[in-house]
Each structure stands twice: as structure tokens, then as C-alpha cells.
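**Q** To start, I am sharing the structure in question, which I have written as C-alpha cells.
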Amino acid sequence: MSKFIHPCTLEAAYQVASNLRPDDAREVIEGHGHIPTIHIPLASQKGFCVYFTVPNGKTAGIAGVTDEGAVWMLCTPAIHDYPITFAREAKRFIDSRPEPKLWNIVDKRNTVHLKLLKFLGFEFLREIKYGPNNLTFIEFSKCVNP
């Protein structure tokens, strides 16, 4: 696929979970009510999952797609060292997916992910209240391979 996209391992999932961007950690903890170092490695073992690196070799993020087409991604601060490379690799991953439709929700406060989702061609559908703290999330979707 790419020299920056790799099949996910538990080690990579734990590495990302232990080094999340603050907004990503806040989304997992406050938005979903999960402990990152427990939930992210578990989630990485379901559906299809990859992890991303950047040119300096650092682990930049993890992404997955469930059997139902729910796409998710969490990132480390390494994405800010190579934002263009990371965005292009994320697009390569999304464009490679065979699902007819990808969808999920994102914490409205996670502006970096909102910007990335827009770049990736996702459509923002509506705002919803979600999670244990009843936070505002934005539902998004994209027809990939209709």
C-alpha cells in the first residue's frame, strides 16, 4: 500500500494510545468514556486496522474500519511534523477502502480531525449529543466505492 501505512500491531496501537494528541485523548476519554491504553488496542483487533508512520520513523496514528463501515482514526503529535505527508497517506488509506460508504462521528472540538475529514472528502451531516458527557459530535460520511 505505502511505506508509511502498515498492518496494525498491538504494539503500535498501544504506542499511539500512550501518546495521543491532546484533542484525540479528550475525544476518547471525555467523548466516549474510554481509557485509551485499554480501548484502542482492543479496537485495533476488530475489523480492518492500520497504523501510520511519518518520514522520521515516528508512529503518527492508527485507523480502522469496522465491518459496518465505521471509520476511525486517532493520532499522535507526529502528524504535525509532516502534515502534508500524513494527509496524503490518510487519503491513500481512505481511497483504498472497498466499502461503499464510510461513516462515523467526530468530537466537534477536534478541529484538526474536522479539517482532515474535509480534505478526505467526507460530508458533515448533522450535530448530535453523544457519550457520557453529552458532548457535541458531528456525524460524517462518504461514499467511497458506490
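Chain lettering (A, B, ...) mirrors the order of the C-alpha cells, residue numbering begins at 1 for each chain separately, and ligand numbering begins at 1 in order of display.
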Report as a count of residues only: the residues of region 6-134 of chain A with a DSSP assignment of alpha helix (DSSP H), based on the backbone of this structure.
**A** 45
**Q** Could you name the residues that touch region 11-21 of chain A at 6 Å or less, counting only C-alpha atoms, but leaving out those on the same chain fewer than 3 positions away, as a PyMOL selection string?
**A** chain A and resi 24-25+36-37+41+75-77
**Q** Residues near Glu123 (chain A), anyone? I mean within 8 Å using only C-alpha atoms, not counting same-chain ones fewer than 3 positions away, as a list in words.
**A** Lys118, Phe140, Ser141 and Lys142 of chain A
